Amino acid sequence: MMLSLPDQMQLDQFLAQVRHLAGLELGYPVAFDLDFSALTPFLTVSLNNAGDPFEPMTYQLNSHEFEREVVSFFAELARAPEDQWWGYVTNGSTEGNLYGLYLARELFPDGMVYFSQDSHYSVSKNLHFLNMRHIMIRSQDSGEIDYDDLRETLRIRRDVPPIIFANVGTTMKEARDDVGRIQSILDDMAIENRYIHVDAALCGGYAAYLEPRPSWDFEDGADSIAISGHKFFASPIPCGVVLARRSHVERIGHSVAYIGSMDTTISGSRNGLTPLVLWYAIRALGHEGMKRRIEHALDTAAYTEEQLNKAGIKAWRNPNALTVIFPQPPRAVCEKWQLATANGNSHIICMPHITREKIDEVLNDILASGAEAS
Ligand SMILES: *Cc1c(COP(=O)(O)O)cnc(C)c1O
C-alpha cells in the first residue's frame, strides 16, 4: 500500500502534532510512558477475539490465550475468589460498567441503582440503555459518596434490592468510595439481595499496590469491577477489563453455533490487539515495575500539591491520589495543558510519564498568566 506524497505528508504532520500534544497533556488519566512498538507486526493480521475468552472458538485468529492471562492478572490484583470469577478485555470502562450493571439487572430486575453525584458521565447513559431505576446519592466535598445519605436512602426502600455503583477513583477528584463500608451498611440493614459494582477505571490499575490498600475489591464485597487499560496501563488503544463473580455471568451466557462459543460479552467482534498490549505491559513490567510506576506518580503528585501551595494556589488531593485539584487557572493555561475543568476547579493527573520539570513548567505558566493567588 502506497500513499501519495500529500497524503504521506498529512500523516507525518499528524504524527508530529500528536507527539507534541502528548508532551503537553496533564489533565486526563492516560499514561504515555510505555512503548508498545514491538507489537506492530500484529497490525498485519486480523485478530478477532469474538466470543468467550475461556471457550474454544471456530475462528482461530484470536488472542484468547493472552486475554485469559491478562484477566487472570487483574483477577489476582482484585482478589477475585479462586475459580469463581470470570472476565474479558473490553473497549474500556464504559463497557465494563455497562456489563456490571447488566449482570446486576439480570439478577435483580426490580433493583434500584444507587450512585454518587461524582460518578462518571457515562453512568446515566448506561442506566438509560438498561432502563434501570436509579437514585443519585450526595457526595462529600472530597468526592466520596456520602454514607449517611446512602444509608438513609436505602432505609426508605428496604424492600427493593439495592445495586450500588461504587466509584474507586472518581473522574474529577479521584475519590474512592469504601466498598467495605458500603458492604457493612447493607449488612447492618440485613439486606440480603444486593449487588455492588465497582467503577475502578483509573484506580483499579494500582489500588492493589497502595499502602494502606483501599477497600475496593472482591474480598471487600464487589460483585463486578471495571478497569480501563488505556489509563494506568498506558495502552495506546482504548481498552479495559471487566471482572465478575462467575455465578452472575452464568445467568446470562448462551451458546451460539455460528461462532462455536458462548455469547457472554457485549460486543460480538472484539479487539484481539488490546489483550496483547496489556499482556506485554504486564509481562515486561510485572508487579515490581507497576509498583515503581505508581510510586513515581505519587511522588510527582505530592510535589505538585506542594509546589502549587507554595505559590499561593490552594491545591489539594485525596489520600494517595494522583489527581491534584486547584481553582481553575486562566483559560489559556487550561487549553495549553489540556486541563479538565468542572465547577470552577481544574486538575492535574500525575500519571507515570509526568515529571517534576513538566509541573514546574505549568506552574510557571499559571504564575505568568497572573492567576489570582487565592
Ligand atoms: C475514564 C472513566 C470511565 C470511562 O472509562 P472509559 O475507559 O473511558 O470508557 C468511567 N468511570 C471513571 C471513574 C473514569 O475515570
# chains A, B, ... in the order shown; residues from 1 in each chain; ligands from 1
>>> residues_around(residues="region 274-284 of chain A", least_positions_apart="6", cutoff="12 Å", atoms="only C-alpha atoms", output="compact mmCIF listing (two decimals) with all heavy atoms, in the first residue's frame")
# COMPACT_ATOMS: atom_id res chain seq x y z
N ASP A 33 3.99 6.42 29.20
CA ASP A 33 5.38 6.04 29.45
C ASP A 33 5.79 4.67 28.89
O ASP A 33 6.94 4.30 29.00
CB ASP A 33 5.68 6.09 30.95
CG ASP A 33 4.78 5.17 31.77
OD1 ASP A 33 3.58 5.05 31.42
OD2 ASP A 33 5.25 4.57 32.74
N LEU A 34 4.85 3.93 28.32
CA LEU A 34 5.22 2.59 27.83
C LEU A 34 5.21 2.57 26.30
O LEU A 34 4.37 3.19 25.67
CB LEU A 34 4.26 1.54 28.40
CG LEU A 34 4.09 1.55 29.93
CD1 LEU A 34 3.18 0.40 30.37
CD2 LEU A 34 5.43 1.45 30.66
N ASP A 35 6.15 1.85 25.74
CA ASP A 35 6.31 1.79 24.28
C ASP A 35 5.93 0.39 23.79
O ASP A 35 6.57 -0.60 24.16
CB ASP A 35 7.78 2.10 23.94
CG ASP A 35 8.04 2.07 22.44
OD1 ASP A 35 7.14 1.64 21.67
OD2 ASP A 35 9.15 2.45 22.03
N PHE A 36 4.91 0.34 22.98
CA PHE A 36 4.40 -0.95 22.50
C PHE A 36 4.77 -1.22 21.05
O PHE A 36 4.12 -2.05 20.40
CB PHE A 36 2.88 -1.01 22.69
CG PHE A 36 2.47 -0.97 24.14
CD1 PHE A 36 2.13 0.23 24.75
CD2 PHE A 36 2.44 -2.12 24.90
CE1 PHE A 36 1.78 0.29 26.09
CE2 PHE A 36 2.08 -2.09 26.25
CZ PHE A 36 1.75 -0.88 26.84
N SER A 37 5.79 -0.55 20.54
CA SER A 37 6.09 -0.72 19.11
C SER A 37 6.52 -2.15 18.76
O SER A 37 6.43 -2.55 17.60
CB SER A 37 7.09 0.33 18.62
OG SER A 37 8.13 0.49 19.54
N ALA A 38 6.96 -2.93 19.74
CA ALA A 38 7.30 -4.33 19.48
C ALA A 38 6.09 -5.12 18.96
O ALA A 38 6.25 -6.20 18.38
CB ALA A 38 7.84 -4.99 20.74
N LEU A 39 4.90 -4.57 19.16
CA LEU A 39 3.70 -5.29 18.72
C LEU A 39 3.23 -4.90 17.32
O LEU A 39 2.23 -5.44 16.84
CB LEU A 39 2.55 -5.06 19.73
CG LEU A 39 2.80 -5.61 21.15
CD1 LEU A 39 1.67 -5.18 22.09
CD2 LEU A 39 2.90 -7.14 21.12
N THR A 40 3.97 -3.99 16.65
CA THR A 40 3.49 -3.54 15.33
C THR A 40 3.33 -4.66 14.30
O THR A 40 2.43 -4.58 13.47
CB THR A 40 4.37 -2.40 14.74
OG1 THR A 40 5.73 -2.73 14.95
CG2 THR A 40 4.05 -1.07 15.38
N PRO A 41 4.14 -5.75 14.33
CA PRO A 41 3.89 -6.82 13.34
C PRO A 41 2.46 -7.37 13.40
O PRO A 41 1.96 -7.90 12.40
CB PRO A 41 4.91 -7.91 13.73
CG PRO A 41 6.00 -7.19 14.44
CD PRO A 41 5.33 -6.04 15.15
N PHE A 42 1.82 -7.23 14.56
CA PHE A 42 0.45 -7.77 14.67
C PHE A 42 -0.58 -6.93 13.92
O PHE A 42 -1.73 -7.32 13.80
CB PHE A 42 0.07 -7.92 16.15
CG PHE A 42 0.82 -9.03 16.80
CD1 PHE A 42 1.99 -8.78 17.52
CD2 PHE A 42 0.41 -10.35 16.65
CE1 PHE A 42 2.71 -9.82 18.09
CE2 PHE A 42 1.12 -11.39 17.21
CZ PHE A 42 2.27 -11.13 17.93
N LEU A 43 -0.13 -5.77 13.39
CA LEU A 43 -1.04 -4.97 12.56
C LEU A 43 -1.24 -5.62 11.19
O LEU A 43 -2.07 -5.17 10.41
CB LEU A 43 -0.50 -3.54 12.38
CG LEU A 43 -0.53 -2.67 13.64
CD1 LEU A 43 0.14 -1.33 13.38
CD2 LEU A 43 -1.97 -2.45 14.10
N LEU A 47 -6.72 -10.11 13.89
CA LEU A 47 -7.10 -10.81 15.11
C LEU A 47 -8.53 -10.42 15.50
O LEU A 47 -8.91 -9.26 15.36
CB LEU A 47 -6.15 -10.45 16.24
CG LEU A 47 -4.70 -10.91 16.08
CD1 LEU A 47 -3.84 -10.33 17.20
CD2 LEU A 47 -4.63 -12.43 16.09
N ASN A 48 -9.28 -11.38 15.95
CA ASN A 48 -10.64 -11.08 16.41
C ASN A 48 -10.96 -12.00 17.58
O ASN A 48 -10.91 -13.22 17.46
CB ASN A 48 -11.64 -11.30 15.28
CG ASN A 48 -13.00 -10.72 15.61
OD1 ASN A 48 -13.47 -10.81 16.75
ND2 ASN A 48 -13.65 -10.14 14.63
N ASN A 49 -11.27 -11.40 18.71
CA ASN A 49 -11.50 -12.20 19.93
C ASN A 49 -12.97 -12.42 20.24
O ASN A 49 -13.35 -12.61 21.40
CB ASN A 49 -10.81 -11.52 21.13
CG ASN A 49 -9.33 -11.83 21.18
OD1 ASN A 49 -8.74 -12.21 20.16
ND2 ASN A 49 -8.72 -11.69 22.33
N PRO A 53 -13.54 -15.63 26.09
CA PRO A 53 -12.11 -15.94 26.03
C PRO A 53 -11.75 -17.29 26.66
O PRO A 53 -10.66 -17.81 26.40
CB PRO A 53 -11.44 -14.79 26.81
CG PRO A 53 -12.52 -14.17 27.61
CD PRO A 53 -13.80 -14.40 26.87
N ASN A 62 -7.28 -15.59 16.99
CA ASN A 62 -7.65 -14.80 18.17
C ASN A 62 -6.51 -14.86 19.18
O ASN A 62 -5.64 -15.71 19.10
CB ASN A 62 -8.95 -15.33 18.78
CG ASN A 62 -8.81 -16.74 19.33
OD1 ASN A 62 -8.05 -16.96 20.27
ND2 ASN A 62 -9.52 -17.71 18.75
N SER A 63 -6.55 -13.92 20.11
CA SER A 63 -5.52 -13.90 21.16
C SER A 63 -6.15 -14.24 22.52
O SER A 63 -5.75 -13.69 23.55
CB SER A 63 -4.82 -12.53 21.19
OG SER A 63 -5.75 -11.50 21.48
N HIS A 64 -7.13 -15.13 22.49
CA HIS A 64 -7.80 -15.54 23.74
C HIS A 64 -6.83 -16.02 24.81
O HIS A 64 -7.03 -15.79 26.00
CB HIS A 64 -8.81 -16.67 23.44
CG HIS A 64 -10.10 -16.16 22.86
ND1 HIS A 64 -11.03 -17.00 22.28
CD2 HIS A 64 -10.62 -14.91 22.78
CE1 HIS A 64 -12.07 -16.28 21.85
NE2 HIS A 64 -11.84 -15.02 22.14
N GLU A 65 -5.76 -16.69 24.33
CA GLU A 65 -4.77 -17.22 25.26
C GLU A 65 -4.16 -16.08 26.09
O GLU A 65 -3.99 -16.19 27.31
CB GLU A 65 -3.71 -17.92 24.40
CG GLU A 65 -2.48 -18.37 25.08
CD GLU A 65 -1.37 -18.72 24.05
OE1 GLU A 65 -1.66 -18.82 22.84
OE2 GLU A 65 -0.23 -18.85 24.49
N PHE A 66 -3.84 -14.97 25.40
CA PHE A 66 -3.26 -13.81 26.09
C PHE A 66 -4.34 -13.10 26.92
O PHE A 66 -4.07 -12.61 28.01
CB PHE A 66 -2.65 -12.85 25.06
CG PHE A 66 -1.44 -13.42 24.37
CD1 PHE A 66 -1.59 -14.22 23.23
CD2 PHE A 66 -0.17 -13.20 24.86
CE1 PHE A 66 -0.48 -14.76 22.61
CE2 PHE A 66 0.94 -13.74 24.24
CZ PHE A 66 0.79 -14.53 23.11
N GLU A 67 -5.52 -13.05 26.37
CA GLU A 67 -6.62 -12.40 27.08
C GLU A 67 -6.87 -13.08 28.43
O GLU A 67 -7.07 -12.43 29.45
CB GLU A 67 -7.89 -12.44 26.22
CG GLU A 67 -9.05 -11.67 26.83
CD GLU A 67 -10.27 -11.57 25.92
OE1 GLU A 67 -10.27 -12.21 24.84
OE2 GLU A 67 -11.21 -10.85 26.29
N ARG A 68 -6.81 -14.42 28.43
CA ARG A 68 -7.02 -15.15 29.70
C ARG A 68 -5.93 -14.80 30.71
O ARG A 68 -6.21 -14.63 31.89
CB ARG A 68 -7.02 -16.67 29.44
CG ARG A 68 -8.26 -17.17 28.73
CD ARG A 68 -8.36 -18.69 28.79
NE ARG A 68 -7.29 -19.38 28.07
CZ ARG A 68 -7.32 -19.69 26.76
NH1 ARG A 68 -8.38 -19.37 26.04
NH2 ARG A 68 -6.31 -20.31 26.20
N GLU A 69 -4.68 -14.68 30.22
CA GLU A 69 -3.60 -14.32 31.15
C GLU A 69 -3.81 -12.91 31.71
O GLU A 69 -3.55 -12.66 32.89
CB GLU A 69 -2.23 -14.39 30.45
CG GLU A 69 -1.74 -15.81 30.28
CD GLU A 69 -0.26 -15.83 29.84
OE1 GLU A 69 0.54 -15.08 30.43
OE2 GLU A 69 0.05 -16.60 28.92
N VAL A 70 -4.27 -12.01 30.84
CA VAL A 70 -4.49 -10.63 31.27
C VAL A 70 -5.59 -10.57 32.33
O VAL A 70 -5.41 -9.99 33.40
CB VAL A 70 -4.86 -9.73 30.06
CG1 VAL A 70 -5.40 -8.38 30.52
CG2 VAL A 70 -3.65 -9.55 29.16
N VAL A 71 -6.72 -11.20 32.06
CA VAL A 71 -7.81 -11.11 33.04
C VAL A 71 -7.44 -11.83 34.33
O VAL A 71 -7.83 -11.41 35.41
CB VAL A 71 -9.20 -11.55 32.49
CG1 VAL A 71 -9.73 -10.52 31.50
CG2 VAL A 71 -9.16 -12.92 31.85
N SER A 72 -6.63 -12.89 34.22
CA SER A 72 -6.18 -13.58 35.44
C SER A 72 -5.30 -12.67 36.29
O SER A 72 -5.39 -12.66 37.52
CB SER A 72 -5.39 -14.85 35.11
OG SER A 72 -6.18 -15.71 34.33
N PHE A 73 -4.45 -11.90 35.63
CA PHE A 73 -3.60 -10.95 36.34
C PHE A 73 -4.47 -9.95 37.12
O PHE A 73 -4.25 -9.70 38.31
CB PHE A 73 -2.70 -10.21 35.34
CG PHE A 73 -1.89 -9.10 35.92
CD1 PHE A 73 -0.64 -9.35 36.48
CD2 PHE A 73 -2.36 -7.79 35.91
CE1 PHE A 73 0.12 -8.31 37.02
CE2 PHE A 73 -1.60 -6.75 36.45
CZ PHE A 73 -0.36 -7.01 37.01
N PHE A 74 -5.49 -9.41 36.45
CA PHE A 74 -6.35 -8.43 37.12
C PHE A 74 -7.21 -9.10 38.20
O PHE A 74 -7.49 -8.49 39.23
CB PHE A 74 -7.22 -7.69 36.10
CG PHE A 74 -6.47 -6.62 35.35
CD1 PHE A 74 -5.89 -6.87 34.12
CD2 PHE A 74 -6.31 -5.36 35.91
CE1 PHE A 74 -5.18 -5.88 33.44
CE2 PHE A 74 -5.60 -4.35 35.24
CZ PHE A 74 -5.03 -4.62 34.00
N LEU A 77 -5.07 -9.15 41.18
CA LEU A 77 -4.99 -7.81 41.78
C LEU A 77 -6.25 -7.51 42.58
O LEU A 77 -6.20 -6.90 43.64
CB LEU A 77 -4.86 -6.73 40.69
CG LEU A 77 -3.53 -6.45 40.03
CD1 LEU A 77 -3.67 -5.22 39.14
CD2 LEU A 77 -2.42 -6.24 41.04
N TYR A 88 -13.35 -10.45 30.85
CA TYR A 88 -12.84 -10.31 29.49
C TYR A 88 -12.28 -8.92 29.27
O TYR A 88 -12.48 -8.03 30.09
CB TYR A 88 -13.92 -10.67 28.46
CG TYR A 88 -15.03 -9.65 28.25
CD1 TYR A 88 -14.98 -8.75 27.19
CD2 TYR A 88 -16.15 -9.61 29.08
CE1 TYR A 88 -16.02 -7.84 26.94
CE2 TYR A 88 -17.18 -8.69 28.86
CZ TYR A 88 -17.10 -7.81 27.79
OH TYR A 88 -18.12 -6.91 27.57
N VAL A 89 -11.55 -8.76 28.17
CA VAL A 89 -10.98 -7.46 27.82
C VAL A 89 -12.03 -6.68 27.02
O VAL A 89 -12.51 -7.14 25.98
CB VAL A 89 -9.66 -7.61 27.04
CG1 VAL A 89 -9.15 -6.24 26.57
CG2 VAL A 89 -8.60 -8.28 27.92
N THR A 90 -12.39 -5.51 27.54
CA THR A 90 -13.46 -4.69 26.96
C THR A 90 -12.86 -3.56 26.11
O THR A 90 -11.64 -3.46 25.97
CB THR A 90 -14.26 -4.01 28.08
OG1 THR A 90 -13.35 -3.19 28.84
CG2 THR A 90 -14.90 -5.03 29.01
N ASN A 91 -13.73 -2.70 25.62
CA ASN A 91 -13.27 -1.49 24.92
C ASN A 91 -13.01 -0.34 25.90
O ASN A 91 -12.68 0.76 25.47
CB ASN A 91 -14.31 -1.04 23.91
CG ASN A 91 -14.36 -1.96 22.71
OD1 ASN A 91 -13.33 -2.24 22.11
ND2 ASN A 91 -15.53 -2.46 22.40
N GLY A 92 -13.20 -0.58 27.17
CA GLY A 92 -12.97 0.49 28.14
C GLY A 92 -13.94 0.33 29.31
O GLY A 92 -14.77 -0.59 29.33
N GLY A 205 -6.07 0.02 38.32
CA GLY A 205 -4.74 -0.31 37.84
C GLY A 205 -3.69 -0.34 38.93
O GLY A 205 -2.66 -0.98 38.78
N ILE A 227 -12.13 -1.86 34.95
CA ILE A 227 -10.83 -1.17 34.98
C ILE A 227 -10.49 -0.78 33.54
O ILE A 227 -10.70 -1.58 32.63
CB ILE A 227 -9.74 -2.10 35.56
CG1 ILE A 227 -10.11 -2.59 36.97
CG2 ILE A 227 -8.37 -1.39 35.59
CD1 ILE A 227 -9.21 -3.69 37.52
N SER A 228 -9.94 0.42 33.35
CA SER A 228 -9.52 0.81 32.00
C SER A 228 -8.08 0.38 31.73
O SER A 228 -7.25 0.39 32.64
CB SER A 228 -9.62 2.33 31.82
OG SER A 228 -10.97 2.74 31.88
N GLY A 229 -7.79 0.04 30.48
CA GLY A 229 -6.44 -0.37 30.10
C GLY A 229 -5.62 0.75 29.52
O GLY A 229 -4.39 0.67 29.45
N HIS A 230 -6.29 1.82 29.06
CA HIS A 230 -5.56 2.94 28.46
C HIS A 230 -5.24 4.02 29.48
O HIS A 230 -4.69 5.04 29.15
CB HIS A 230 -6.39 3.55 27.32
CG HIS A 230 -7.78 3.89 27.72
ND1 HIS A 230 -8.73 2.94 27.96
CD2 HIS A 230 -8.37 5.07 27.99
CE1 HIS A 230 -9.86 3.52 28.32
NE2 HIS A 230 -9.66 4.82 28.35
N LYS A 231 -5.61 3.80 30.73
CA LYS A 231 -5.32 4.79 31.76
C LYS A 231 -3.99 4.41 32.42
O LYS A 231 -2.95 4.64 31.83
CB LYS A 231 -6.50 4.90 32.72
CG LYS A 231 -7.72 5.50 32.00
CD LYS A 231 -8.91 5.77 32.87
CE LYS A 231 -9.99 6.50 32.08
NZ LYS A 231 -11.21 6.70 32.87
N PHE A 232 -4.03 3.79 33.59
CA PHE A 232 -2.75 3.48 34.24
C PHE A 232 -1.90 2.51 33.41
O PHE A 232 -0.67 2.58 33.42
CB PHE A 232 -2.99 2.93 35.65
CG PHE A 232 -1.71 2.73 36.41
CD1 PHE A 232 -0.97 3.84 36.82
CD2 PHE A 232 -1.23 1.47 36.71
CE1 PHE A 232 0.23 3.67 37.50
CE2 PHE A 232 -0.04 1.30 37.40
CZ PHE A 232 0.69 2.41 37.80
N PHE A 233 -2.51 1.60 32.68
CA PHE A 233 -1.74 0.60 31.94
C PHE A 233 -1.24 1.08 30.58
O PHE A 233 -0.60 0.33 29.86
CB PHE A 233 -2.52 -0.72 31.82
CG PHE A 233 -2.33 -1.57 33.05
CD1 PHE A 233 -2.95 -1.21 34.24
CD2 PHE A 233 -1.50 -2.68 33.04
CE1 PHE A 233 -2.74 -1.94 35.40
CE2 PHE A 233 -1.29 -3.43 34.19
CZ PHE A 233 -1.91 -3.06 35.37
N ALA A 234 -1.54 2.35 30.25
CA ALA A 234 -0.87 3.02 29.13
C ALA A 234 -1.10 2.41 27.75
O ALA A 234 -0.32 2.62 26.83
CB ALA A 234 0.64 3.12 29.39
N SER A 235 -2.18 1.66 27.58
CA SER A 235 -2.45 1.11 26.24
C SER A 235 -2.69 2.26 25.25
O SER A 235 -3.45 3.18 25.55
CB SER A 235 -3.69 0.21 26.28
OG SER A 235 -4.11 -0.06 24.96
N PRO A 236 -2.06 2.21 24.09
CA PRO A 236 -2.30 3.27 23.10
C PRO A 236 -3.65 3.11 22.40
O PRO A 236 -4.04 3.97 21.60
CB PRO A 236 -1.15 3.09 22.11
CG PRO A 236 -0.76 1.66 22.22
CD PRO A 236 -1.06 1.23 23.64
N ILE A 237 -4.35 2.03 22.69
CA ILE A 237 -5.69 1.81 22.13
C ILE A 237 -6.64 1.71 23.32
O ILE A 237 -6.36 0.94 24.25
CB ILE A 237 -5.75 0.49 21.32
CG1 ILE A 237 -4.65 0.46 20.27
CG2 ILE A 237 -7.13 0.30 20.69
CD1 ILE A 237 -4.43 -0.93 19.68
N PRO A 238 -7.76 2.47 23.31
CA PRO A 238 -8.67 2.35 24.45
C PRO A 238 -9.09 0.90 24.67
O PRO A 238 -9.39 0.17 23.72
CB PRO A 238 -9.87 3.21 24.04
CG PRO A 238 -9.30 4.21 23.10
CD PRO A 238 -8.22 3.47 22.34
N CYS A 239 -9.07 0.48 25.92
CA CYS A 239 -9.49 -0.88 26.26
C CYS A 239 -9.70 -0.94 27.77
O CYS A 239 -9.51 0.05 28.46
CB CYS A 239 -8.46 -1.92 25.83
SG CYS A 239 -6.85 -1.76 26.62
N GLY A 240 -10.08 -2.08 28.26
CA GLY A 240 -10.30 -2.24 29.69
C GLY A 240 -10.50 -3.70 30.03
O GLY A 240 -10.42 -4.58 29.15
N VAL A 241 -10.77 -3.93 31.30
CA VAL A 241 -11.02 -5.28 31.75
C VAL A 241 -12.28 -5.23 32.61
O VAL A 241 -12.46 -4.27 33.37
CB VAL A 241 -9.83 -5.81 32.60
CG1 VAL A 241 -10.20 -7.06 33.36
CG2 VAL A 241 -8.63 -6.07 31.70
N MET A 290 5.20 -2.19 37.97
CA MET A 290 3.97 -1.42 38.18
C MET A 290 4.07 -0.63 39.48
O MET A 290 3.65 0.52 39.56
CB MET A 290 2.75 -2.35 38.23
CG MET A 290 2.42 -3.00 36.90
SD MET A 290 2.01 -1.77 35.63
CE MET A 290 2.04 -2.80 34.16
N LYS A 291 4.62 -1.26 40.50
CA LYS A 291 4.78 -0.57 41.80
C LYS A 291 5.69 0.64 41.66
O LYS A 291 5.40 1.70 42.21
CB LYS A 291 5.39 -1.54 42.83
CG LYS A 291 4.36 -2.28 43.63
CD LYS A 291 5.03 -3.06 44.75
CE LYS A 291 4.27 -4.36 44.97
NZ LYS A 291 5.04 -5.43 45.53
N ARG A 293 6.12 2.43 39.02
CA ARG A 293 5.40 3.47 38.29
C ARG A 293 4.44 4.22 39.22
O ARG A 293 4.35 5.45 39.16
CB ARG A 293 4.62 2.87 37.10
CG ARG A 293 5.53 2.34 36.00
CD ARG A 293 4.73 1.62 34.92
NE ARG A 293 3.97 2.54 34.08
CZ ARG A 293 2.67 2.47 33.90
NH1 ARG A 293 1.95 1.53 34.46
NH2 ARG A 293 2.07 3.34 33.11
>>> residues_near_ligand(ligand="ligand 1", cutoff="10 Å", atoms="only C-alpha atoms and all ligand atoms", output="PyMOL selection string")
chain A and resi 28-30+90-98+118-123+166-176+198-204+226-231+238-241
>>> write_last_selection(atoms="N, CA and C atoms", output="compact mmCIF listing (two decimals), in the first residue's frame")
# COMPACT_ATOMS: atom_id res chain seq x y z
N TYR A 28 -5.69 14.52 31.85
CA TYR A 28 -6.50 13.30 31.71
C TYR A 28 -5.73 12.09 32.23
N PRO A 29 -6.46 11.07 32.67
CA PRO A 29 -5.77 9.94 33.32
C PRO A 29 -5.22 8.93 32.32
N VAL A 30 -4.37 9.41 31.43
CA VAL A 30 -3.77 8.49 30.45
C VAL A 30 -2.26 8.51 30.64
N THR A 90 -12.39 -5.51 27.54
CA THR A 90 -13.46 -4.69 26.96
C THR A 90 -12.86 -3.56 26.11
N ASN A 91 -13.73 -2.70 25.62
CA ASN A 91 -13.27 -1.49 24.92
C ASN A 91 -13.01 -0.34 25.90
N GLY A 92 -13.20 -0.58 27.17
CA GLY A 92 -12.97 0.49 28.14
C GLY A 92 -13.94 0.33 29.31
N SER A 93 -13.85 1.25 30.24
CA SER A 93 -14.67 1.09 31.45
C SER A 93 -16.14 1.43 31.23
N THR A 94 -16.44 2.22 30.22
CA THR A 94 -17.86 2.46 29.95
C THR A 94 -18.53 1.12 29.65
N GLU A 95 -17.86 0.30 28.83
CA GLU A 95 -18.40 -1.04 28.54
C GLU A 95 -18.36 -1.93 29.79
N GLY A 96 -17.28 -1.84 30.56
CA GLY A 96 -17.18 -2.65 31.78
C GLY A 96 -18.28 -2.30 32.77
N ASN A 97 -18.58 -1.01 32.87
CA ASN A 97 -19.65 -0.57 33.78
C ASN A 97 -21.01 -1.00 33.26
N LEU A 98 -21.18 -0.93 31.94
CA LEU A 98 -22.44 -1.39 31.34
C LEU A 98 -22.62 -2.89 31.64
N ASP A 118 -20.75 12.26 42.01
CA ASP A 118 -19.46 12.42 41.37
C ASP A 118 -19.15 11.30 40.38
N SER A 119 -20.14 10.45 40.09
CA SER A 119 -19.92 9.35 39.15
C SER A 119 -19.62 9.87 37.75
N HIS A 120 -18.99 9.03 36.95
CA HIS A 120 -18.63 9.38 35.57
C HIS A 120 -19.88 9.65 34.73
N TYR A 121 -19.74 10.52 33.74
CA TYR A 121 -20.91 10.90 32.95
C TYR A 121 -21.55 9.73 32.20
N SER A 122 -20.80 8.65 31.99
CA SER A 122 -21.35 7.52 31.23
C SER A 122 -22.37 6.71 32.03
N VAL A 123 -22.41 6.91 33.35
CA VAL A 123 -23.29 6.08 34.17
C VAL A 123 -24.76 6.32 33.82
N ALA A 166 -20.33 1.80 42.89
CA ALA A 166 -19.31 2.49 43.71
C ALA A 166 -18.18 2.99 42.81
N ASN A 167 -17.64 4.15 43.18
CA ASN A 167 -16.51 4.71 42.42
C ASN A 167 -15.22 4.49 43.18
N VAL A 168 -14.26 3.88 42.53
CA VAL A 168 -12.94 3.81 43.15
C VAL A 168 -12.01 4.62 42.27
N GLY A 169 -12.03 5.92 42.58
CA GLY A 169 -11.38 6.92 41.77
C GLY A 169 -12.42 7.64 40.94
N THR A 170 -13.01 8.73 41.51
CA THR A 170 -13.97 9.50 40.72
C THR A 170 -13.21 10.29 39.66
N THR A 171 -13.93 10.70 38.64
CA THR A 171 -13.29 11.31 37.48
C THR A 171 -12.59 12.63 37.83
N MET A 172 -13.25 13.48 38.59
CA MET A 172 -12.65 14.80 38.85
C MET A 172 -11.69 14.80 40.03
N LYS A 173 -12.03 14.07 41.11
CA LYS A 173 -11.24 14.20 42.35
C LYS A 173 -10.53 12.92 42.76
N GLU A 174 -10.70 11.87 42.01
CA GLU A 174 -10.10 10.57 42.33
C GLU A 174 -10.45 10.14 43.76
N ALA A 175 -11.69 10.40 44.15
CA ALA A 175 -12.15 9.95 45.46
C ALA A 175 -12.52 8.48 45.37
N ARG A 176 -12.32 7.75 46.46
CA ARG A 176 -12.60 6.31 46.45
C ARG A 176 -13.70 5.98 47.44
N VAL A 198 -18.15 -2.03 41.04
CA VAL A 198 -17.08 -1.06 41.31
C VAL A 198 -16.52 -0.50 40.01
N ASP A 199 -16.67 0.81 39.86
CA ASP A 199 -16.05 1.51 38.72
C ASP A 199 -14.65 1.92 39.16
N ALA A 200 -13.67 1.11 38.76
CA ALA A 200 -12.27 1.37 39.14
C ALA A 200 -11.47 1.70 37.89
N ALA A 201 -12.08 2.53 37.01
CA ALA A 201 -11.48 2.80 35.70
C ALA A 201 -10.00 3.19 35.82
N LEU A 202 -9.72 4.17 36.66
CA LEU A 202 -8.33 4.59 36.82
C LEU A 202 -7.64 3.81 37.93
N CYS A 203 -8.23 3.80 39.13
CA CYS A 203 -7.50 3.28 40.31
C CYS A 203 -7.38 1.77 40.34
N GLY A 204 -8.22 1.06 39.59
CA GLY A 204 -8.11 -0.40 39.56
C GLY A 204 -6.74 -0.85 39.08
N ALA A 226 -14.88 -2.84 36.94
CA ALA A 226 -14.40 -2.39 35.63
C ALA A 226 -13.11 -1.59 35.80
N ILE A 227 -12.13 -1.86 34.95
CA ILE A 227 -10.83 -1.17 34.98
C ILE A 227 -10.49 -0.78 33.54
N SER A 228 -9.94 0.42 33.35
CA SER A 228 -9.52 0.81 32.00
C SER A 228 -8.08 0.38 31.73
N GLY A 229 -7.79 0.04 30.48
CA GLY A 229 -6.44 -0.37 30.10
C GLY A 229 -5.62 0.75 29.52
N HIS A 230 -6.29 1.82 29.06
CA HIS A 230 -5.56 2.94 28.46
C HIS A 230 -5.24 4.02 29.48
N LYS A 231 -5.61 3.80 30.73
CA LYS A 231 -5.32 4.79 31.76
C LYS A 231 -3.99 4.41 32.42
N PRO A 238 -7.76 2.47 23.31
CA PRO A 238 -8.67 2.35 24.45
C PRO A 238 -9.09 0.90 24.67
N CYS A 239 -9.07 0.48 25.92
CA CYS A 239 -9.49 -0.88 26.26
C CYS A 239 -9.70 -0.94 27.77
N GLY A 240 -10.08 -2.08 28.26
CA GLY A 240 -10.30 -2.24 29.69
C GLY A 240 -10.50 -3.70 30.03
N VAL A 241 -10.77 -3.93 31.30
CA VAL A 241 -11.02 -5.28 31.75
C VAL A 241 -12.28 -5.23 32.61
>>> residues_around(residues="Phe165 (chain A)", least_positions_apart="5", cutoff="8 Å", atoms="only C-alpha atoms", output="list in words")
Val113, Tyr114, Phe115, Ser116, Ile196, His197, Val198 and Asp199 of chain A
>>> select_by_dssp(residues="region 173-250 of chain A", states="strand (DSSP E or B)", output="PyMOL selection string")
chain A and resi 176+195-199+224-228+240-245
>>> closest_residue(among="A:Val362, A:Ala22, A:Ile294, A:Ala104", to="Leu130 (chain A)", atoms="only C-alpha atoms")
A:Ala104
>>> select_by_dssp(residues="region 148-370 of chain A", states="alpha helix (DSSP H)", output="VMD selection string")
chain A and resid 148 to 156 179 to 188 246 to 250 273 to 310 331 to 336 356 to 368
>>> closest_residue(among="A:Pro352, A:Leu101, A:Ala368, A:Lys336", to="Leu24 (chain A)", atoms="only C-alpha atoms")
A:Lys336
